[in-house]
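Participant: My structure file start19.csv, CSV, C-alpha atoms and all ligand atoms, is below:
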chain,number,residue,atom,x,y,z
R,1,MET,CA,0.0,0.0,0.0
R,2,PHE,CA,2.7,2.5,1.0
R,3,SER,CA,4.7,2.0,-2.1
R,4,LYS,CA,1.7,3.3,-4.1
R,5,ILE,CA,1.7,6.7,-2.3
R,6,PRO,CA,3.4,9.1,-4.7
R,7,PHE,CA,5.7,11.9,-3.6
R,8,ASN,CA,3.1,14.6,-4.1
R,9,LYS,CA,0.3,12.8,-2.2
R,10,ALA,CA,2.7,12.0,0.5
R,11,LYS,CA,3.2,15.8,1.0
R,12,ILE,CA,-0.4,16.1,2.2
R,13,PHE,CA,0.2,13.4,4.9
R,14,SER,CA,3.6,15.0,5.6
R,15,VAL,CA,2.2,18.5,6.2
R,16,LEU,CA,-0.4,17.0,8.6
R,17,ALA,CA,2.2,15.0,10.5
R,18,LEU,CA,4.5,18.0,10.7
R,19,LEU,CA,1.7,20.2,12.1
R,20,TRP,CA,0.9,17.5,14.6
R,21,ILE,CA,4.5,17.3,15.7
R,22,ALA,CA,4.8,21.1,16.1
R,23,SER,CA,1.5,21.2,17.9
R,24,GLY,CA,2.9,18.9,20.6
R,25,TYR,CA,5.3,21.8,21.5
R,26,PHE,CA,3.3,24.9,20.7
R,27,LEU,CA,-0.2,23.8,21.4
R,28,PRO,CA,-0.3,20.9,23.9
R,29,ILE,CA,-3.8,19.2,23.8
R,30,ASP,CA,-4.7,17.6,27.1
R,31,ILE,CA,-7.6,15.2,27.7
R,32,THR,CA,-8.8,13.5,30.8
R,33,ILE,CA,-9.5,9.7,30.9
R,34,ASN,CA,-10.7,8.1,34.1
R,35,GLY,CA,-9.5,11.1,36.1
R,36,ARG,CA,-6.0,11.0,34.5
R,37,GLU,CA,-4.7,13.8,32.3
R,38,PHE,CA,-2.9,13.0,29.0
R,39,GLN,CA,-1.4,15.1,26.3
R,40,ILE,CA,-2.6,13.5,23.2
R,41,ASN,CA,-0.1,15.2,20.9
R,42,ALA,CA,3.0,14.6,23.1
R,43,TYR,CA,6.0,13.1,21.2
R,44,PRO,CA,4.1,12.0,18.1
R,45,GLU,CA,7.5,11.3,16.5
R,46,PHE,CA,7.4,7.9,18.2
R,47,TYR,CA,4.7,6.6,16.0
R,48,LEU,CA,5.0,8.9,13.0
R,49,ILE,CA,8.7,8.1,12.3
R,50,PRO,CA,8.1,4.3,11.9
R,51,ILE,CA,4.9,4.9,9.8
R,52,PHE,CA,6.7,7.2,7.4
R,53,ALA,CA,9.8,5.0,7.4
R,54,ILE,CA,7.8,2.2,5.9
R,55,TRP,CA,6.7,4.5,3.1
R,56,ARG,CA,10.2,5.8,2.7
R,57,ILE,CA,11.7,2.2,2.5
R,58,ARG,CA,9.0,1.1,0.0
R,59,THR,CA,9.5,4.0,-2.3
R,60,GLU,CA,13.3,4.5,-2.1
R,61,LYS,CA,15.0,3.4,-5.3
R,62,ASP,CA,18.6,3.6,-4.2
R,63,PRO,CA,19.5,0.4,-2.3
R,64,PHE,CA,22.2,2.1,-0.2
R,65,GLN,CA,19.7,4.8,1.0
R,66,LYS,CA,17.2,2.1,1.7
R,67,ARG,CA,19.7,0.3,3.9
R,68,ARG,CA,20.5,3.6,5.5
R,69,VAL,CA,16.8,4.2,6.5
R,70,LEU,CA,16.7,0.6,7.8
R,71,TRP,CA,19.8,1.3,9.9
R,72,MET,CA,18.2,4.4,11.2
R,73,MET,CA,15.1,2.5,12.2
R,74,GLY,CA,17.2,-0.1,14.0
R,75,LEU,CA,19.0,2.7,15.9
R,76,PHE,CA,15.7,4.4,16.6
R,77,ALA,CA,14.4,1.1,18.1
R,78,ILE,CA,17.5,0.6,20.2
R,79,PHE,CA,18.2,4.2,21.5
R,80,PHE,CA,14.8,5.7,21.5
R,81,VAL,CA,12.4,2.9,22.2
R,82,THR,CA,14.2,0.0,24.0
R,83,MET,CA,16.9,1.6,26.1
R,84,PRO,CA,14.5,4.2,27.7
R,85,LEU,CA,12.5,1.2,29.0
R,86,PHE,CA,15.5,0.2,31.1
R,87,ILE,CA,17.3,3.4,31.7
R,88,ARG,CA,15.0,6.1,33.0
R,89,SER,CA,17.4,9.0,33.5
R,90,VAL,CA,21.1,9.8,33.3
R,91,PRO,CA,23.3,12.2,35.3
R,92,LEU,CA,24.7,15.3,33.7
R,93,LEU,CA,28.0,17.1,34.5
R,94,ASP,CA,26.3,19.6,36.8
R,95,GLY,CA,24.9,16.9,39.0
R,96,SER,CA,21.3,17.1,37.6
R,97,ASN,CA,19.5,14.3,35.8
R,98,ALA,CA,17.8,14.1,32.5
R,99,PRO,CA,15.5,11.5,30.8
R,100,LEU,CA,17.6,9.3,28.6
R,101,VAL,CA,16.1,10.3,25.3
R,102,ALA,CA,16.4,14.0,26.0
R,103,SER,CA,20.0,13.5,27.2
R,104,TYR,CA,21.6,12.2,24.0
R,105,HIS,CA,22.4,15.7,22.9
R,106,MET,CA,22.4,17.5,26.2
R,107,VAL,CA,25.4,19.5,27.1
R,108,GLY,CA,27.3,17.6,29.8
R,109,SER,CA,25.7,14.2,29.3
R,110,VAL,CA,27.8,11.0,28.7
R,111,SER,CA,26.4,10.6,25.2
R,112,PHE,CA,27.3,14.3,24.4
R,113,PHE,CA,30.9,13.4,25.0
R,114,LEU,CA,30.7,10.0,23.3
R,115,PHE,CA,29.5,11.7,20.2
R,116,PHE,CA,32.8,13.7,20.2
R,117,ILE,CA,34.7,10.5,19.7
R,118,ALA,CA,32.3,9.0,17.2
R,119,VAL,CA,32.2,12.1,15.1
R,120,PHE,CA,35.9,12.5,15.2
R,121,LEU,CA,36.4,9.0,13.9
R,122,PHE,CA,33.5,8.6,11.5
R,123,GLY,CA,32.5,12.2,10.7
R,124,LYS,CA,29.2,13.9,11.3
R,125,ARG,CA,27.3,11.0,9.8
R,126,ALA,CA,27.8,9.2,13.2
R,127,ASP,CA,24.9,11.4,14.3
R,128,CYS,CA,23.5,13.7,11.6
R,129,GLY,CA,23.5,11.1,8.8
R,130,TRP,CA,22.3,8.1,10.8
R,131,ASN,CA,21.4,8.6,14.4
R,132,CYS,CA,19.7,11.7,15.6
R,133,THR,CA,15.9,12.0,16.5
R,134,CYS,CA,15.9,14.9,14.2
R,135,VAL,CA,17.4,13.0,11.3
R,136,PHE,CA,14.8,10.2,11.8
R,137,THR,CA,12.0,12.8,11.6
R,138,ARG,CA,13.5,14.6,8.6
R,139,GLU,CA,14.4,11.6,6.6
R,140,THR,CA,11.0,10.0,7.1
R,141,VAL,CA,8.1,12.3,8.1
R,142,ALA,CA,9.6,15.3,6.2
R,143,TRP,CA,11.2,13.4,3.3
R,144,ALA,CA,8.4,14.3,0.9
R,145,PHE,CA,9.7,17.9,1.0
R,146,ARG,CA,13.2,17.1,0.0
R,147,ASP,CA,12.6,18.7,-3.4
R,148,LYS,CA,12.0,22.0,-1.6
R,149,THR,CA,15.7,22.1,-0.5
R,150,ARG,CA,17.0,25.5,-1.2
R,151,LYS,CA,20.3,25.6,-3.1
R,152,GLY,CA,22.6,28.4,-4.2
R,153,ALA,CA,24.9,31.0,-2.7
R,154,PHE,CA,22.3,32.9,-0.6
R,155,TRP,CA,21.1,29.7,1.2
R,156,TRP,CA,24.6,28.4,1.5
R,157,ASN,CA,25.7,31.6,3.3
R,158,LEU,CA,22.9,31.3,5.8
R,159,ARG,CA,24.8,28.3,7.3
R,160,HIS,CA,26.7,30.9,9.4
R,161,LEU,CA,23.6,31.5,11.5
R,162,LYS,CA,24.1,28.3,13.4
R,163,TRP,CA,27.2,29.7,15.1
R,164,ILE,CA,25.0,31.9,17.2
R,165,LEU,CA,23.5,28.9,19.0
R,166,PHE,CA,26.9,27.2,18.9
R,167,LEU,CA,28.4,30.0,21.0
R,168,THR,CA,25.3,29.9,23.3
R,169,VAL,CA,25.6,26.2,23.9
R,170,TRP,CA,29.4,26.4,24.6
R,171,GLY,CA,28.8,29.4,26.8
R,172,PHE,CA,26.4,27.3,28.8
R,173,PHE,CA,29.1,24.5,29.0
R,174,ILE,CA,31.6,26.9,30.5
R,175,TYR,CA,28.9,28.3,32.9
R,176,MET,CA,28.2,24.7,33.9
R,177,LEU,CA,31.9,24.1,34.8
R,178,ILE,CA,32.1,27.4,36.8
R,179,ASP,CA,28.8,27.3,38.6
R,180,PRO,CA,27.2,23.8,38.3
R,181,MET,CA,24.6,24.6,41.0
R,182,ASN,CA,23.0,27.5,39.1
R,183,ALA,CA,23.9,27.1,35.4
R,184,GLY,CA,20.9,24.8,34.6
R,185,THR,CA,18.2,27.1,36.0
R,186,ALA,CA,19.8,30.4,35.2
R,187,PHE,CA,21.0,29.6,31.7
R,188,GLY,CA,20.3,26.0,30.6
R,189,LYS,CA,16.5,26.1,30.9
R,190,PRO,CA,15.9,29.3,28.9
R,191,MET,CA,18.6,28.2,26.4
R,192,TYR,CA,16.9,24.9,25.7
R,193,GLN,CA,13.6,26.7,25.4
R,194,VAL,CA,15.0,28.9,22.7
R,195,ILE,CA,16.6,25.9,20.9
R,196,TYR,CA,13.4,23.9,21.0
R,197,THR,CA,11.3,26.8,19.8
R,198,ILE,CA,13.6,27.3,16.8
R,199,TYR,CA,13.6,23.6,16.2
R,200,TYR,CA,9.8,23.3,16.1
R,201,LEU,CA,9.5,26.5,14.0
R,202,SER,CA,11.9,24.8,11.5
R,203,ILE,CA,9.5,21.8,11.4
R,204,LEU,CA,6.7,24.2,10.3
R,205,LEU,CA,9.0,25.7,7.7
R,206,ILE,CA,9.9,22.4,6.1
R,207,PRO,CA,7.3,22.6,3.2
R,208,PHE,CA,9.0,25.9,2.1
R,209,THR,CA,12.7,25.2,2.8
R,210,GLY,CA,13.2,21.5,2.5
R,211,HIS,CA,13.6,18.9,5.2
R,212,ARG,CA,17.1,19.7,6.5
R,213,ASN,CA,16.5,23.4,7.3
R,214,TYR,CA,17.4,23.3,11.0
R,215,CYS,CA,20.5,21.1,10.3
R,216,ARG,CA,21.7,23.6,7.8
R,217,TRP,CA,21.1,26.9,9.5
R,218,GLY,CA,20.2,26.5,13.2
R,219,CYS,CA,21.4,23.4,14.9
R,220,PRO,CA,24.2,24.1,17.5
R,221,TRP,CA,25.2,20.4,17.4
R,222,SER,CA,25.5,20.6,13.7
R,223,ALA,CA,28.1,23.2,14.3
R,224,THR,CA,29.8,21.3,17.1
R,225,TRP,CA,30.0,18.1,15.2
R,226,GLY,CA,31.0,20.1,12.2
R,227,VAL,CA,34.1,21.4,13.9
R,228,LEU,CA,35.0,17.7,14.7
R,229,ASN,CA,34.2,16.8,11.1
R,230,ILE,CA,36.9,19.3,10.1
R,231,LEU,CA,39.4,18.2,12.8
R,232,GLY,CA,38.7,14.5,12.5
R,233,THR,CA,39.5,11.8,10.0
R,234,PHE,CA,36.3,11.9,7.9
R,235,ARG,CA,36.5,13.3,4.4
R,236,ILE,CA,35.2,12.7,0.9
R,237,ALA,CA,38.2,12.5,-1.4
R,238,ALA,CA,37.8,13.6,-5.0
R,239,ASP,CA,39.6,12.6,-8.1
R,240,THR,CA,38.8,15.8,-10.1
R,241,THR,CA,40.6,14.5,-13.2
R,242,LYS,CA,37.5,12.4,-13.7
R,243,CYS,CA,34.9,15.1,-12.9
R,244,THR,CA,32.8,16.4,-15.8
R,245,LYS,CA,31.2,19.1,-13.6
R,246,CYS,CA,27.7,17.7,-14.4
R,247,GLY,CA,26.4,18.9,-11.1
R,248,ILE,CA,24.5,15.7,-10.2
R,249,CYS,CA,26.2,15.5,-6.8
R,250,GLU,CA,25.0,19.0,-5.9
R,251,LYS,CA,21.4,18.2,-6.9
R,252,GLU,CA,21.6,15.2,-4.6
R,253,CYS,CA,23.0,17.1,-1.6
R,254,ASP,CA,20.4,17.9,1.0
R,255,MET,CA,22.8,20.2,2.9
R,256,GLY,CA,23.3,22.5,-0.2
R,257,VAL,CA,27.0,21.9,-0.2
R,258,PRO,CA,28.7,23.5,-3.3
R,259,ILE,CA,30.5,20.3,-4.1
R,260,ARG,CA,32.1,21.3,-7.4
R,261,ASN,CA,33.7,24.4,-6.0
R,262,LEU,CA,35.0,22.5,-3.0
R,263,ILE,CA,36.5,19.6,-4.8
R,264,PHE,CA,38.2,21.8,-7.4
R,265,GLU,CA,39.6,24.2,-4.8
R,266,THR,CA,40.7,21.6,-2.2
R,267,GLY,CA,40.5,18.2,-3.8
R,268,ARG,CA,38.0,17.0,-1.2
R,269,ILE,CA,34.7,17.6,0.7
R,270,LYS,CA,35.6,18.4,4.2
R,271,THR,CA,33.1,20.9,5.6
R,272,VAL,CA,31.2,21.7,8.7
R,273,GLU,CA,28.0,21.0,6.8
R,274,CYS,CA,28.5,17.6,5.2
R,275,MET,CA,26.6,15.1,7.2
R,276,GLY,CA,28.0,12.1,5.3
R,277,CYS,CA,24.8,10.7,3.7
R,278,GLU,CA,26.9,9.5,0.8
R,279,ARG,CA,24.3,10.5,-1.8
R,280,CYS,CA,26.8,12.5,-3.8
R,281,VAL,CA,29.3,9.6,-3.7
R,282,ARG,CA,26.8,7.0,-4.8
R,283,LYS,CA,25.2,9.1,-7.5
R,284,CYS,CA,28.3,10.5,-9.2
R,285,PRO,CA,28.3,8.8,-12.6
R,286,LYS,CA,32.1,9.1,-12.9
R,287,GLY,CA,33.1,7.7,-9.5
R,288,VAL,CA,34.9,10.9,-8.6
R,289,LEU,CA,34.1,10.8,-4.9
R,290,THR,CA,35.3,8.4,-2.1
R,291,ILE,CA,34.3,8.4,1.5
R,292,GLN,CA,37.2,8.1,3.9
R,293,ASP,CA,37.5,7.9,7.7
R,294,PHE,CA,39.9,6.7,10.4
R,295,ARG,CA,39.6,3.1,9.1
R,296,ASP,CA,41.2,4.1,5.8
R,297,GLN,CA,44.3,5.2,7.7
R,298,ILE,CA,44.8,1.7,9.2
R,299,PRO,CA,47.1,-0.2,6.8
R,300,GLY,CA,45.3,-3.3,5.7
R,301,PHE,CA,41.8,-2.1,6.4
R,302,GLY,CA,39.1,-3.0,3.8
R,303,LEU,CA,38.5,-6.7,3.7
R,304,LEU,CA,36.1,-7.8,1.0
R,305,PRO,CA,32.6,-8.7,2.3
R,306,PHE,CA,33.1,-12.4,1.5
R,307,SER,CA,36.4,-12.6,3.5
R,308,ARG,CA,34.6,-10.9,6.4
R,309,MET,CA,31.8,-13.4,6.3
R,310,VAL,CA,34.2,-16.3,6.2
R,311,ARG,CA,36.1,-15.0,9.2
R,312,ILE,CA,32.9,-14.6,11.2
R,313,VAL,CA,31.5,-18.0,10.3
R,314,ILE,CA,34.8,-19.8,11.1
R,315,GLY,CA,35.5,-17.6,14.2
R,316,LEU,CA,32.1,-18.0,16.0
R,317,PRO,CA,32.3,-21.8,16.6
R,318,LEU,CA,35.9,-21.5,17.7
R,319,ILE,CA,34.8,-19.1,20.4
R,320,LEU,CA,32.4,-21.7,21.8
R,321,LEU,CA,35.1,-24.4,22.2
R,322,PRO,CA,36.1,-23.6,25.8
R,323,PHE,CA,32.5,-24.4,26.8
R,324,ILE,CA,33.3,-28.1,25.9
R,325,SER,CA,36.6,-28.3,27.8
R,326,ASN,CA,39.1,-25.8,29.2
R,327,HIS,CA,42.0,-27.5,27.6
R,328,SER,CA,44.7,-25.0,26.7
R,329,ILE,CA,44.5,-25.8,22.9
R,330,LEU,CA,40.8,-25.1,22.9
R,331,LEU,CA,41.5,-21.8,24.8
R,332,PHE,CA,44.1,-20.9,22.2
R,333,LEU,CA,41.6,-21.7,19.3
R,334,ALA,CA,38.9,-19.6,21.1
R,335,LEU,CA,41.3,-16.7,21.2
R,336,LEU,CA,42.0,-17.2,17.5
R,337,GLY,CA,38.2,-17.3,17.0
R,338,VAL,CA,37.8,-13.9,18.8
R,339,LEU,CA,40.5,-12.4,16.5
R,340,LEU,CA,38.8,-13.8,13.4
R,341,VAL,CA,35.4,-12.5,14.4
R,342,LEU,CA,36.7,-9.1,15.3
R,343,SER,CA,38.7,-9.0,12.1
R,344,GLY,CA,35.5,-9.9,10.1
R,345,ILE,CA,33.4,-7.3,11.9
R,346,LEU,CA,36.0,-4.6,11.5
R,347,GLY,CA,37.0,-5.7,8.0
R,348,TYR,CA,40.7,-5.4,9.1
R,349,CYS,CA,43.4,-7.6,7.7
R,350,PRO,CA,47.0,-6.9,8.7
R,351,ILE,CA,48.5,-9.6,6.5
R,352,GLU,CA,47.8,-8.8,2.9
R,353,ASN,CA,46.8,-11.6,0.5
R,354,THR,CA,48.0,-14.4,2.6
R,355,PHE,CA,45.4,-15.1,5.3
R,356,LEU,CA,42.0,-16.4,4.1
R,357,LYS,CA,42.5,-14.7,0.8
R,358,CYS,CA,41.9,-11.2,2.0
R,359,THR,CA,42.4,-8.3,-0.3
R,360,PRO,CA,42.5,-5.1,1.7
R,361,ASN,CA,42.4,-1.7,0.1
R,362,VAL,CA,45.4,-0.1,1.5
R,363,PHE,CA,44.7,3.6,2.1
R,364,LYS,CA,46.6,6.0,0.0
R,365,TRP,CA,45.6,9.6,0.8
R,366,THR,CA,47.4,12.3,-1.2
R,367,LYS,CA,46.7,15.9,-0.5
R,368,ARG,CA,45.9,17.8,-3.6
R,369,THR,CA,47.3,21.2,-4.2
J,1,LIG,S1,22.3,18.8,12.4
J,1,LIG,FE1,21.4,18.8,14.5
J,1,LIG,S2,19.3,18.4,14.2
J,1,LIG,FE2,20.3,17.8,12.3
J,1,LIG,S3,20.7,15.7,12.5
J,1,LIG,FE3,22.5,16.8,13.2
J,1,LIG,S4,22.3,17.0,15.4
J,1,LIG,FE4,20.3,16.4,14.6
J,2,LIG,S1,28.5,14.2,-10.0
J,2,LIG,FE1,30.7,13.5,-10.1
J,2,LIG,S2,31.2,14.1,-12.2
J,2,LIG,FE2,29.3,15.2,-11.8
J,2,LIG,S3,30.1,17.2,-10.9
J,2,LIG,FE3,29.7,15.8,-9.2
J,2,LIG,S4,31.8,15.0,-8.8
J,2,LIG,FE4,31.8,15.8,-10.9
J,3,LIG,S1,28.3,16.5,0.5
J,3,LIG,FE1,27.6,14.5,-0.1
J,3,LIG,S2,27.8,13.2,1.7
J,3,LIG,FE2,27.9,15.4,2.3
J,3,LIG,S3,25.8,15.9,2.9
J,3,LIG,FE3,26.1,16.5,0.7
J,3,LIG,S4,25.4,14.7,-0.5
J,3,LIG,FE4,25.7,14.0,1.7
The structure in this file should be written as C-alpha cells.
Facilitator:
Amino acid sequence: MFSKIPFNKAKIFSVLALLWIASGYFLPIDITINGREFQINAYPEFYLIPIFAIWRIRTEKDPFQKRRVLWMMGLFAIFFVTMPLFIRSVPLLDGSNAPLVASYHMVGSVSFFLFFIAVFLFGKRADCGWNCTCVFTRETVAWAFRDKTRKGAFWWNLRHLKWILFLTVWGFFIYMLIDPMNAGTAFGKPMYQVIYTIYYLSILLIPFTGHRNYCRWGCPWSATWGVLNILGTFRIAADTTKCTKCGICEKECDMGVPIRNLIFETGRIKTVECMGCERCVRKCPKGVLTIQDFRDQIPGFGLLPFSRMVRIVIGLPLILLPFISNHSILLFLALLGVLLVLSGILGYCPIENTFLKCTPNVFKWTKRT
C-alpha cells in the first residue's frame, strides 16, 4: 500500500504530520480519561517516524539509501524505544539528571561526550547522517519535501547563522563548569527553550525550505559536530581529473554543499555542513568521490565482504570451544576465533593476500594542491 503513495500525495500526509509534531510543542492538547490527564499530541514522532519510514523504504530506489533508512530505524528502536524502558534517567555534568532520550544531545551528558569520539572518527554521519531523532524525523516524516531544499549561494551563506546557537551552547558548558549549581536554571533552561522553539519552528517551515533546514542553518550540534568533522579523519576525497562538472552531486546534496567548487579548490569535501549521507558519492556517474574515515588510515583495512563473512563464520564456533573443555589448545583456538570474528566485523586484515584470501584496500591519501 505504502509504495503506491506518490511523492506529491505524501506531501499532504507529511504536512499534517509536521503540524501535529509542532502542535505537541506549541499547542499541547490535554484530555482526561478516568480522572488521569494525557497530552494526546505529546511526542508523536514515536509513531509517525516508523509509519513514514515504511513509506520511505517502500519508495526509495537507491539500495544504499534504503539500507540507511533501515539502519536508522534499527538505531531508533535501540536508542529511543528499547533503552529508555531500562534506563530512565542519566546524570549530567552539573549533578542534575535528564531523561535518557532527551539526554543524548544534552550538554554535559555522557552521550554528548561519546558523540565527540564517534564524530571525530566517523564524521558527522555518526549522528546527523544516521542517528539523531531529528534525522529520523527529517528523513521519514519530512522526506516528501526534499525537493524544496534551497540551493545556491544565498542559502549556503545562511549556514553561518548556526554559530550563534553554537556559542550559546558552549557558553552554557563553561557556565556549567564554573557554577554547576545554578547554570541549569539560570542559563540552561531558557537556552533549551530557545533551541526547542527554533527547532519546532523549523518543522513548520519544512514545506518551504526542505527537510534539512534546521540542520543547515540553526542546529548548535550541527556546528559542534561540524568542527569535529573538520578536525577528525572523515573526508570525501575527489579525483577531479574524472569530474565532468555535471552537477548531479549538488542536486543530490540535501545540505546544499557547493561540491564542485569545494573539490576543485581543495580536492575533497571536508566541511562543517557535510553530514555524510553518501548521496553525492553514490550518484556521481564518474566515480569521482570516495568516503574516507579513520579506518582508511589503518594499513590493511578494507576486507572484502566475502572474506569478512568467512572469518565470522569460522570464528564463532571456535569461540564456543572452551564451553566443551578448558584444555589450553581449545582456549588458544577460542582466542583465534575472537580475533577472526573481530577481524571480520571490523574488516581489518594486517596480513595482505595471505590469510583467508583477504584483499585489503590499503589507504593512500594524497593531499591535492
Ligand atoms: S544537524 Fe542537528 S538536528 Fe540535524 S541531524 Fe545533526 S544533530 Fe540532529
Ligand atoms: S557528480 Fe561527479 S562528475 Fe558530476 S560534478 Fe559531481 S563529482 Fe563531478
Ligand atoms: S556533500 Fe555528499 S555526503 Fe555530504 S551531505 Fe552532501 S550529499 Fe551528503
Participant: Taking a cut-off of 10 Å and counting all atoms listed in the file, can you build a table that, for each residue of chain R near ligand LIG 1 (chain J), reports the nearest atom pair and how far apart they are in Å (one decimal), sorted by chain then residue number, as a Markdown table?
Facilitator:
| residue | atom | partner | partner_atom | distance |
| --- | --- | --- | --- | --- |
| R:Tyr104 | CA | J:LIG1 | S4 | 9.9 |
| R:His105 | CA | J:LIG1 | S4 | 7.6 |
| R:Lys124 | CA | J:LIG1 | FE3 | 7.5 |
| R:Arg125 | CA | J:LIG1 | FE3 | 8.3 |
| R:Ala126 | CA | J:LIG1 | FE3 | 9.3 |
| R:Asp127 | CA | J:LIG1 | FE3 | 6.0 |
| R:Cys128 | CA | J:LIG1 | S3 | 3.6 |
| R:Gly129 | CA | J:LIG1 | S3 | 6.5 |
| R:Trp130 | CA | J:LIG1 | S3 | 8.0 |
| R:Asn131 | CA | J:LIG1 | S3 | 7.4 |
| R:Cys132 | CA | J:LIG1 | FE4 | 4.8 |
| R:Thr133 | CA | J:LIG1 | FE4 | 6.5 |
| R:Cys134 | CA | J:LIG1 | FE4 | 4.7 |
| R:Val135 | CA | J:LIG1 | S3 | 4.4 |
| R:Phe136 | CA | J:LIG1 | S3 | 8.1 |
| R:Thr137 | CA | J:LIG1 | S3 | 9.2 |
| R:Arg138 | CA | J:LIG1 | S3 | 8.3 |
| R:Glu139 | CA | J:LIG1 | S3 | 9.6 |
| R:Lys162 | CA | J:LIG1 | S1 | 9.7 |
| R:Tyr199 | CA | J:LIG1 | S2 | 8.0 |
| R:His211 | CA | J:LIG1 | FE2 | 9.8 |
| R:Arg212 | CA | J:LIG1 | FE2 | 6.9 |
| R:Asn213 | CA | J:LIG1 | FE2 | 8.4 |
| R:Tyr214 | CA | J:LIG1 | S2 | 6.2 |
| R:Cys215 | CA | J:LIG1 | S1 | 3.6 |
| R:Arg216 | CA | J:LIG1 | S1 | 6.7 |
| R:Trp217 | CA | J:LIG1 | S1 | 8.7 |
| R:Gly218 | CA | J:LIG1 | FE1 | 7.9 |
| R:Cys219 | CA | J:LIG1 | FE1 | 4.6 |
| R:Pro220 | CA | J:LIG1 | FE1 | 6.7 |
| R:Trp221 | CA | J:LIG1 | S4 | 4.9 |
| R:Ser222 | CA | J:LIG1 | S1 | 3.9 |
| R:Ala223 | CA | J:LIG1 | S1 | 7.5 |
| R:Thr224 | CA | J:LIG1 | S4 | 8.8 |
| R:Trp225 | CA | J:LIG1 | S4 | 7.8 |
| R:Gly226 | CA | J:LIG1 | S1 | 8.8 |
| R:Met255 | CA | J:LIG1 | S1 | 9.6 |
| R:Glu273 | CA | J:LIG1 | S1 | 8.3 |
| R:Cys274 | CA | J:LIG1 | S1 | 9.6 |
| R:Met275 | CA | J:LIG1 | FE3 | 7.5 |
Participant: With a cut-off of 12 Å, could you pull out the residues of chain R touching ligand LIG 3 (chain J) and give me the nearest pair of atoms for each, distance in Å to one decimal, using all atoms listed in the file, ordered by chain and ascending number, as CSV?
Facilitator:
residue,atom,partner,partner_atom,distance
R:Gln65,CA,J:LIG3,FE4,11.0
R:Gly123,CA,J:LIG3,FE2,10.1
R:Lys124,CA,J:LIG3,FE2,9.2
R:Arg125,CA,J:LIG3,S2,8.4
R:Cys128,CA,J:LIG3,S3,9.3
R:Gly129,CA,J:LIG3,S3,7.9
R:Trp130,CA,J:LIG3,FE4,11.4
R:Thr149,CA,J:LIG3,FE3,11.9
R:Lys151,CA,J:LIG3,FE3,11.4
R:Arg212,CA,J:LIG3,S3,10.2
R:Cys215,CA,J:LIG3,S3,10.5
R:Arg216,CA,J:LIG3,S3,10.0
R:Ser222,CA,J:LIG3,S3,11.8
R:Gly226,CA,J:LIG3,FE2,11.4
R:Asn229,CA,J:LIG3,FE2,10.9
R:Phe234,CA,J:LIG3,S2,10.6
R:Arg235,CA,J:LIG3,FE2,9.1
R:Ile236,CA,J:LIG3,S2,7.5
R:Ala237,CA,J:LIG3,S1,10.8
R:Ala238,CA,J:LIG3,FE1,11.4
R:Gly247,CA,J:LIG3,S4,11.4
R:Ile248,CA,J:LIG3,S4,9.8
R:Cys249,CA,J:LIG3,S4,6.4
R:Glu250,CA,J:LIG3,S4,6.9
R:Lys251,CA,J:LIG3,S4,8.3
R:Glu252,CA,J:LIG3,S4,5.6
R:Cys253,CA,J:LIG3,S4,3.6
R:Asp254,CA,J:LIG3,FE3,5.9
R:Met255,CA,J:LIG3,S3,5.2
R:Gly256,CA,J:LIG3,FE3,6.7
R:Val257,CA,J:LIG3,FE3,5.5
R:Pro258,CA,J:LIG3,S1,8.0
R:Ile259,CA,J:LIG3,S1,6.4
R:Arg260,CA,J:LIG3,S1,10.0
R:Asn261,CA,J:LIG3,S1,11.6
R:Leu262,CA,J:LIG3,S1,9.7
R:Ile263,CA,J:LIG3,S1,10.2
R:Arg268,CA,J:LIG3,S1,9.9
R:Ile269,CA,J:LIG3,S1,6.5
R:Lys270,CA,J:LIG3,S1,8.4
R:Thr271,CA,J:LIG3,FE2,8.3
R:Val272,CA,J:LIG3,FE2,9.6
R:Glu273,CA,J:LIG3,S3,6.8
R:Cys274,CA,J:LIG3,FE2,3.7
R:Met275,CA,J:LIG3,S3,4.4
R:Gly276,CA,J:LIG3,S2,3.8
R:Cys277,CA,J:LIG3,FE4,4.0
R:Glu278,CA,J:LIG3,S2,3.9
R:Arg279,CA,J:LIG3,S4,4.5
R:Cys280,CA,J:LIG3,S4,4.2
R:Val281,CA,J:LIG3,FE1,6.3
R:Arg282,CA,J:LIG3,FE1,8.9
R:Lys283,CA,J:LIG3,S4,9.0
R:Cys284,CA,J:LIG3,FE1,10.0
R:Val288,CA,J:LIG3,FE1,11.8
R:Leu289,CA,J:LIG3,FE1,8.9
R:Thr290,CA,J:LIG3,S2,9.7
R:Ile291,CA,J:LIG3,S2,8.1
R:Gln292,CA,J:LIG3,S2,10.9
Participant: Hey, can you check how far atom CA of R:Ile174 sits from atom CA of R:Ile87?
Facilitator: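 Computed distance, atom CA of R:Ile174 to atom CA of R:Ile87, equals 27.5 Å.
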Participant: When you look at R:Tyr348 with a cut-off of 6 Å (counting all atoms listed in the file), what residues show up, excluding the ones that are within fewer than 2 positions of it in the same chain? I need them as an mmCIF file with C-alpha atoms, in the coordinates of the input.
Facilitator:
data_model
loop_
_atom_site.group_PDB
_atom_site.id
_atom_site.type_symbol
_atom_site.label_atom_id
_atom_site.label_comp_id
_atom_site.auth_asym_id
_atom_site.auth_seq_id
_atom_site.Cartn_x
_atom_site.Cartn_y
_atom_site.Cartn_z
ATOM 1 C CA PHE R 301 41.800 -2.100 6.400
ATOM 2 C CA LEU R 303 38.500 -6.700 3.700
ATOM 3 C CA SER R 343 38.700 -9.000 12.100
ATOM 4 C CA LEU R 346 36.000 -4.600 11.500
#
Participant: Let me make sure I understand: among R:Phe115, R:Phe86, R:Trp143, R:Phe264, which one has the smallest atom-to-atom distance to R:Ile203 if we use all atoms listed in the file?
Facilitator: R:Trp143
Participant: Using all atoms listed in the file, which of the listed residues (R:Gly267, R:Gly188, R:Pro317, R:Pro305) sits closest to ligand LIG 2 (chain J)?
Facilitator: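 Of the candidates, the smallest distance to ligand LIG 2 (chain J) is held by R:Gly267.
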Participant: List every protein, DNA or RNA residue with an atom no more than 10 Å from (32.9, -10.9, 11.5) in the file's coordinates, counting only C-alpha atoms, and format the result as number ranges by chain.
Facilitator: R: 305, 307-316, 337-348
Participant: How far is it from atom CA of R:Pro180 to atom CA of R:Ile164, in Å with one decimal?
Facilitator: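 Atom-to-atom, atom CA of R:Pro180 to atom CA of R:Ile164, that is 22.7 Å.
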